[in-house]
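Undergrad: For reference, the file coords_17.tsv (TSV, C-alpha atoms) is included below:
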```tsv
chain	number	residue	atom	x	y	z
A	277	MET	CA	0.00	0.00	0.00
A	278	PRO	CA	1.41	3.45	-0.89
A	279	ASP	CA	2.33	6.00	1.75
A	280	LYS	CA	-0.45	8.40	2.66
A	281	ILE	CA	-0.10	11.83	1.08
A	282	TRP	CA	-0.38	14.51	3.74
A	283	MET	CA	-3.10	17.13	3.36
A	284	VAL	CA	-3.52	20.79	4.28
A	285	ASN	CA	-6.94	20.10	5.78
A	286	ASN	CA	-5.23	18.28	8.70
A	287	ALA	CA	-3.53	20.72	11.13
A	288	ALA	CA	-0.69	18.36	12.13
A	289	GLU	CA	0.03	17.45	8.51
A	290	GLU	CA	-0.19	21.07	7.37
A	291	LYS	CA	2.46	22.00	9.96
A	292	ILE	CA	4.97	19.68	8.21
A	293	LEU	CA	3.82	20.84	4.76
A	294	ARG	CA	4.41	24.45	5.79
A	295	SER	CA	7.86	23.84	7.32
A	296	LYS	CA	11.09	24.69	5.51
A	297	ILE	CA	13.05	21.46	5.25
A	298	ALA	CA	16.76	21.65	6.10
A	299	PRO	CA	19.35	20.44	3.57
A	300	LEU	CA	20.13	16.75	3.66
A	301	GLU	CA	23.65	15.89	4.85
A	302	PHE	CA	24.88	13.03	2.68
A	303	ALA	CA	27.56	11.96	5.18
A	304	LYS	CA	24.83	11.22	7.74
A	305	GLU	CA	22.46	9.44	5.36
A	306	ASN	CA	22.07	5.75	4.66
A	307	LYS	CA	22.07	5.46	0.84
A	308	LYS	CA	19.95	2.30	0.92
A	309	GLU	CA	17.30	4.08	3.04
A	310	LEU	CA	17.31	7.06	0.65
A	311	ARG	CA	16.73	4.75	-2.31
A	312	GLU	CA	13.90	3.05	-0.42
A	313	LEU	CA	12.38	6.48	0.33
A	314	VAL	CA	12.47	7.36	-3.38
A	315	LYS	CA	10.80	4.05	-4.20
A	316	ARG	CA	8.04	4.76	-1.64
A	317	MET	CA	7.59	8.28	-2.98
A	318	ARG	CA	7.34	7.02	-6.55
A	319	ILE	CA	4.65	4.50	-5.57
A	320	ALA	CA	2.65	7.18	-3.72
A	321	MET	CA	3.00	9.68	-6.59
A	322	LYS	CA	1.87	7.15	-9.21
A	323	ALA	CA	-1.04	5.92	-7.06
A	324	ALA	CA	-2.27	9.53	-6.82
A	325	ASN	CA	-1.67	10.24	-10.55
A	326	GLY	CA	0.84	12.98	-9.72
A	327	VAL	CA	3.80	14.32	-11.68
A	328	GLY	CA	5.87	15.35	-8.67
A	329	LEU	CA	6.14	14.71	-4.94
A	330	SER	CA	8.31	16.10	-2.17
A	331	ALA	CA	9.29	14.00	0.84
A	332	ASN	CA	7.40	16.23	3.27
A	333	GLN	CA	4.19	15.40	1.39
A	334	ILE	CA	4.42	11.92	2.91
A	335	GLY	CA	5.55	13.26	6.29
A	336	ILE	CA	9.30	12.77	5.79
A	337	LYS	CA	11.47	15.76	6.74
A	338	LYS	CA	14.12	15.30	4.07
A	339	ARG	CA	14.93	17.87	1.38
A	340	ILE	CA	14.25	15.65	-1.61
A	341	PHE	CA	11.67	15.55	-4.38
A	342	ILE	CA	10.84	13.36	-7.33
A	343	ALA	CA	9.20	14.22	-10.64
A	344	GLN	CA	8.15	12.32	-13.73
A	345	VAL	CA	7.49	14.50	-16.75
A	346	PRO	CA	7.39	13.77	-20.50
A	347	ASP	CA	10.48	14.89	-22.44
A	348	ASP	CA	10.37	16.56	-25.87
A	349	GLN	CA	9.74	13.18	-27.53
A	350	GLY	CA	6.88	12.34	-25.14
A	351	HIS	CA	8.86	9.74	-23.14
A	352	LEU	CA	8.47	9.94	-19.38
A	353	LYS	CA	11.67	10.99	-17.66
A	354	PHE	CA	12.10	10.39	-13.92
A	355	TYR	CA	14.00	12.85	-11.72
A	356	THR	CA	15.22	12.60	-8.13
A	357	ILE	CA	16.60	15.85	-6.75
A	358	VAL	CA	18.20	16.23	-3.33
A	359	ASN	CA	18.67	19.69	-1.79
A	360	PRO	CA	17.09	21.52	-4.75
A	361	GLU	CA	17.64	25.24	-5.13
A	362	ILE	CA	16.41	27.46	-7.95
A	363	ALA	CA	19.61	29.16	-9.12
A	364	LYS	CA	18.19	31.23	-11.96
A	365	ASN	CA	14.75	32.39	-13.14
A	366	SER	CA	13.79	33.75	-16.54
A	367	ILE	CA	12.20	37.18	-16.75
A	368	GLU	CA	9.53	35.63	-18.97
A	369	LYS	CA	6.55	34.39	-16.96
A	370	ASP	CA	3.95	31.70	-17.61
A	371	ALA	CA	0.51	31.60	-15.97
A	372	THR	CA	-0.94	28.10	-15.94
A	373	GLU	CA	-3.39	26.06	-13.89
A	374	GLU	CA	-1.86	24.07	-11.03
A	375	GLY	CA	-3.14	21.59	-8.53
A	376	CYS	CA	-1.49	19.66	-5.73
A	377	LEU	CA	-1.80	16.20	-4.22
A	378	SER	CA	-1.76	17.82	-0.74
A	379	VAL	CA	-4.58	20.23	-1.63
A	380	PRO	CA	-7.10	17.81	-3.13
A	381	LEU	CA	-9.78	18.87	-5.60
A	382	SER	CA	-8.42	22.43	-5.78
A	383	TYR	CA	-6.85	24.31	-8.66
A	384	GLY	CA	-5.70	27.80	-9.50
A	385	ILE	CA	-3.74	29.82	-12.03
A	386	VAL	CA	-0.16	30.31	-10.82
A	387	GLU	CA	2.29	32.66	-12.51
A	388	ARG	CA	5.86	31.35	-12.45
A	389	PRO	CA	9.08	31.97	-14.37
A	390	ALA	CA	8.84	30.16	-17.72
A	391	LYS	CA	12.42	28.85	-17.48
A	392	ILE	CA	14.66	28.05	-14.54
A	393	THR	CA	18.03	26.58	-13.66
A	394	LEU	CA	17.80	24.10	-10.81
A	395	ASN	CA	20.84	23.07	-8.79
A	396	GLY	CA	20.88	20.06	-6.51
A	397	PHE	CA	22.30	16.58	-6.10
A	398	ASP	CA	21.45	13.08	-7.20
A	399	LEU	CA	21.12	10.21	-4.71
A	400	ASN	CA	24.86	9.57	-4.85
A	401	GLY	CA	25.69	13.12	-3.81
A	402	LYS	CA	26.78	14.14	-7.32
A	403	LYS	CA	25.95	17.75	-8.23
A	404	VAL	CA	23.27	18.24	-10.85
A	405	LYS	CA	22.34	21.38	-12.76
A	406	ILE	CA	19.21	21.27	-14.90
A	407	LYS	CA	17.95	23.98	-17.22
A	408	ALA	CA	14.21	23.52	-17.54
A	409	GLY	CA	11.28	25.13	-19.30
A	410	GLY	CA	7.60	24.37	-19.68
A	411	LEU	CA	6.00	21.72	-17.48
A	412	LEU	CA	9.35	20.54	-16.11
A	413	ALA	CA	10.21	24.06	-14.86
A	414	ARG	CA	6.76	24.36	-13.28
A	415	VAL	CA	7.01	21.00	-11.51
A	416	PHE	CA	10.54	21.75	-10.24
A	417	GLN	CA	9.37	25.11	-8.86
A	418	HIS	CA	6.24	23.60	-7.30
A	419	GLU	CA	8.20	20.83	-5.55
A	420	THR	CA	10.96	23.20	-4.40
A	421	ASP	CA	8.23	25.43	-2.95
A	422	HIS	CA	7.00	22.43	-0.92
A	423	LEU	CA	10.44	21.93	0.57
A	424	ASN	CA	10.51	25.63	1.45
A	425	GLY	CA	7.14	25.35	3.22
A	426	GLY	CA	5.07	26.89	0.42
A	427	LEU	CA	2.01	25.72	-1.46
A	428	PHE	CA	0.54	26.70	-4.82
A	429	ILE	CA	-2.50	28.15	-3.03
A	430	ASP	CA	-0.18	30.82	-1.59
A	431	LYS	CA	0.69	31.99	-5.12
A	432	CYS	CA	-2.62	31.99	-6.96
A	433	LYS	CA	-5.17	34.79	-6.87
A	434	GLU	CA	-8.16	32.45	-6.76
A	435	VAL	CA	-8.44	28.83	-5.65
A	436	LEU	CA	-11.17	26.87	-7.39
A	437	THR	CA	-12.59	23.51	-6.41
A	438	THR	CA	-13.55	20.93	-8.99
A	439	THR	CA	-17.20	21.88	-8.58
A	440	GLU	CA	-16.33	25.42	-9.74
A	441	LEU	CA	-14.40	24.34	-12.84
A	442	PRO	CA	-16.24	24.46	-16.15
A	443	LYS	CA	-17.58	21.13	-17.31
A	444	LYS	CA	-15.87	19.57	-20.33
A	445	LYS	CA	-18.13	19.12	-23.35
```
For the structure just supplied, provide its representation as C-alpha cells.
TA:
Amino acid sequence: MPDKIWMVNNAAEEKILRSKIAPLEFAKENKKELRELVKRMRIAMKAANGVGLSANQIGIKKRIFIAQVPDDQGHLKFYTIVNPEIAKNSIEKDATEEGCLSVPLSYGIVERPAKITLNGFDLNGKKVKIKAGGLLARVFQHETDHLNGGLFIDKCKEVLTTTELPKKK
C-alpha cells in the first residue's frame, strides 16, 4: 500500500507541509534508506496520478523531491533531486493552472518563471544542474516550494474547487 499523502486540511500534517526542510547531509544518510524512500515516494505519486512529490508530502522531513514528466519526444523521464535550489529564473513568466496532491480537488492559475536553472544533487551526492522550461520548470518550482514550506494556493489569486471548474463538453 502506498504512503499516505499529507493534506492541508489536517492541522498536524499542514504543519509539516508548511515547514522549511533543512538540507540533507549526505555523510549522515544511509544510501539504501534514501533509495527506499524514493521508491516509496514514486509508488505514492503514481497511485495519486501525480507528476511530482516532495518527501514532506508523505511526512518525511528530508529535502528531496521526485518528478516524472514527459520529455520533448513524449517519453516519461524520472528525476530525483536532493537539496534543490532554484539558481536562476527567466524574466519571462507563464501563468498556468496548477493543482497539488496535498490540496485535493483544488486548482488555481499560478504565474511562475517560464524557465529556470535548478541546482541540486542526485542520490549519490553528485551535483546536478538542470535547465528547464515548460511543465518541467513548473514541476521543479512547485516541488521546491513544498520543501521551502510553500504551497501553490499561496501563489494563486483564486483557488477553485472541482465543482467550480467548467464542465468539459
Undergrad: Write out as an NGL selection string the residues lying within 12 Å of Glu289 in chain A, counting all atoms listed in the file and excluding same-chain residues fewer than 4 positions away.
TA: :A and (280-285 or 293-295 or 332-337 or 378-379 or 425)
Undergrad: Hey, which of A:Pro389, A:Gly410, A:Gly401, A:Gly384 ends up closest to Glu434 in chain A? Count all atoms listed in the file.
TA: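 Under the stated criterion, the closest residue is A:Gly384.
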Undergrad: Of the candidates A:Ala390, A:Ile385, A:Val415, A:Ile340, which one gets nearest to Pro299 in chain A if we count only C-alpha atoms?
TA: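 Smallest separation from Pro299 in chain A among the options: A:Ile340.
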Undergrad: Can you measure CA of Glu305 in chain A to CA of Glu290 in chain A for me? One decimal in Å is fine.
TA: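 Straight-line distance from CA of Glu305 in chain A to CA of Glu290 in chain A works out to 25.5 Å.
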Undergrad: Please provide the set of residues having any atom within 12 Å of Gln417 in chain A, restricted to all atoms listed in the file, with same-chain residues fewer than 2 positions apart removed, written as a ChimeraX atom specification.
TA: /A:328-330,341-343,357,360-365,374,386-395,408-415,419-424,426-428,431
Undergrad: What lies within 12 Å of Lys308 in chain A using only C-alpha atoms, ignoring chain neighbours under 5 positions off, as a PyMOL selection string?
TA: chain A and resi 302+313-315+399-400
Undergrad: Which residue is closest to Cys432 in chain A? Choose from A:Glu301, A:Glu373, A:Glu309, A:Asp398 and count all atoms listed in the file.
TA: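 The answer is A:Glu373, which sits nearest to Cys432 in chain A.
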Undergrad: For a test of reading the model, state the distance in Å between CA of Lys338 in chain A and CA of Ala303 in chain A, rounded to one decimal.
TA: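 Those two atoms sit 13.9 Å apart.
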Undergrad: Quick one: of A:Tyr383, A:Leu377, A:Leu352, A:Met317, who's nearest to Ala331 in chain A, counting all atoms listed in the file?
TA: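 Closest to Ala331 in chain A, using all atoms listed in the file: A:Met317.
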Undergrad: If we draw a sphere of 8 Å around (-12.6, 18.9, -4.2), which residues have at least one atom in it when counting only C-alpha atoms? Please report them as JSON, numbers by chain.
TA: {"A": [380, 381, 382, 437, 438, 439]}
Undergrad: Taking only C-alpha atoms into account, which of A:Val358, A:Cys376, A:Ala298, A:Ala288 comes nearest Phe397 in chain A?
TA: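 So, comparing all the options, the nearest one is A:Val358.
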Undergrad: What is the distance between CA of Lys407 in chain A and CA of Ala371 in chain A, in Å to one decimal?
TA: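 Pair CA of Lys407 in chain A / CA of Ala371 in chain A returns 19.1 Å.
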Undergrad: Taking N, CA and C atoms as the atom set, what does range 335-361 of chain A look like once completed, written as a compact mmCIF listing (two decimals), keeping the file's coordinate frame?
TA:
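Once written, part.txt looks like this:
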```txt
# COMPACT_ATOMS: atom_id res chain seq x y z
N GLY A 335 5.18 13.12 4.89
CA GLY A 335 5.55 13.26 6.29
C GLY A 335 7.01 13.04 6.61
N ILE A 336 7.88 13.00 5.59
CA ILE A 336 9.30 12.77 5.79
C ILE A 336 10.04 14.10 5.68
N LYS A 337 10.76 14.47 6.73
CA LYS A 337 11.47 15.76 6.74
C LYS A 337 12.85 15.62 6.12
N LYS A 338 12.87 15.37 4.83
CA LYS A 338 14.12 15.30 4.07
C LYS A 338 13.95 16.18 2.84
N ARG A 339 15.00 16.92 2.50
CA ARG A 339 14.93 17.87 1.38
C ARG A 339 15.20 17.12 0.07
N ILE A 340 14.15 16.45 -0.39
CA ILE A 340 14.25 15.65 -1.61
C ILE A 340 12.89 15.65 -2.30
N PHE A 341 12.91 15.72 -3.63
CA PHE A 341 11.67 15.55 -4.38
C PHE A 341 11.91 14.66 -5.59
N ILE A 342 10.81 14.15 -6.10
CA ILE A 342 10.84 13.36 -7.33
C ILE A 342 9.87 14.00 -8.31
N ALA A 343 10.10 13.73 -9.58
CA ALA A 343 9.20 14.22 -10.64
C ALA A 343 9.27 13.25 -11.81
N GLN A 344 8.18 13.11 -12.50
CA GLN A 344 8.15 12.32 -13.73
C GLN A 344 7.34 13.08 -14.75
N VAL A 345 8.06 13.58 -15.77
CA VAL A 345 7.49 14.50 -16.75
C VAL A 345 7.90 14.05 -18.15
N PRO A 346 7.00 14.14 -19.14
CA PRO A 346 7.39 13.77 -20.50
C PRO A 346 8.48 14.69 -21.05
N ASP A 347 9.45 14.09 -21.78
CA ASP A 347 10.48 14.89 -22.44
C ASP A 347 9.95 15.38 -23.79
N ASP A 348 10.79 15.99 -24.59
CA ASP A 348 10.37 16.56 -25.87
C ASP A 348 9.82 15.51 -26.84
N GLN A 349 10.22 14.25 -26.67
CA GLN A 349 9.74 13.18 -27.53
C GLN A 349 8.51 12.46 -26.93
N GLY A 350 8.05 12.94 -25.76
CA GLY A 350 6.88 12.34 -25.14
C GLY A 350 7.19 11.16 -24.23
N HIS A 351 8.47 10.83 -24.05
CA HIS A 351 8.86 9.74 -23.14
C HIS A 351 8.94 10.27 -21.72
N LEU A 352 8.41 9.51 -20.77
CA LEU A 352 8.47 9.94 -19.38
C LEU A 352 9.89 9.87 -18.87
N LYS A 353 10.33 10.94 -18.25
CA LYS A 353 11.67 10.99 -17.66
C LYS A 353 11.50 11.19 -16.15
N PHE A 354 12.20 10.36 -15.37
CA PHE A 354 12.10 10.39 -13.92
C PHE A 354 13.28 11.16 -13.32
N TYR A 355 12.99 12.03 -12.37
CA TYR A 355 14.00 12.85 -11.72
C TYR A 355 13.94 12.63 -10.20
N THR A 356 15.09 12.56 -9.58
CA THR A 356 15.22 12.60 -8.13
C THR A 356 16.20 13.71 -7.83
N ILE A 357 15.76 14.70 -7.07
CA ILE A 357 16.60 15.85 -6.75
C ILE A 357 16.70 16.01 -5.23
N VAL A 358 17.93 16.03 -4.75
CA VAL A 358 18.20 16.23 -3.33
C VAL A 358 18.72 17.66 -3.16
N ASN A 359 18.27 18.32 -2.11
CA ASN A 359 18.67 19.69 -1.79
C ASN A 359 18.49 20.65 -2.98
N PRO A 360 17.30 20.65 -3.59
CA PRO A 360 17.09 21.52 -4.75
C PRO A 360 17.09 23.00 -4.38
N GLU A 361 17.66 23.79 -5.26
CA GLU A 361 17.64 25.24 -5.13
C GLU A 361 17.48 25.82 -6.54
```
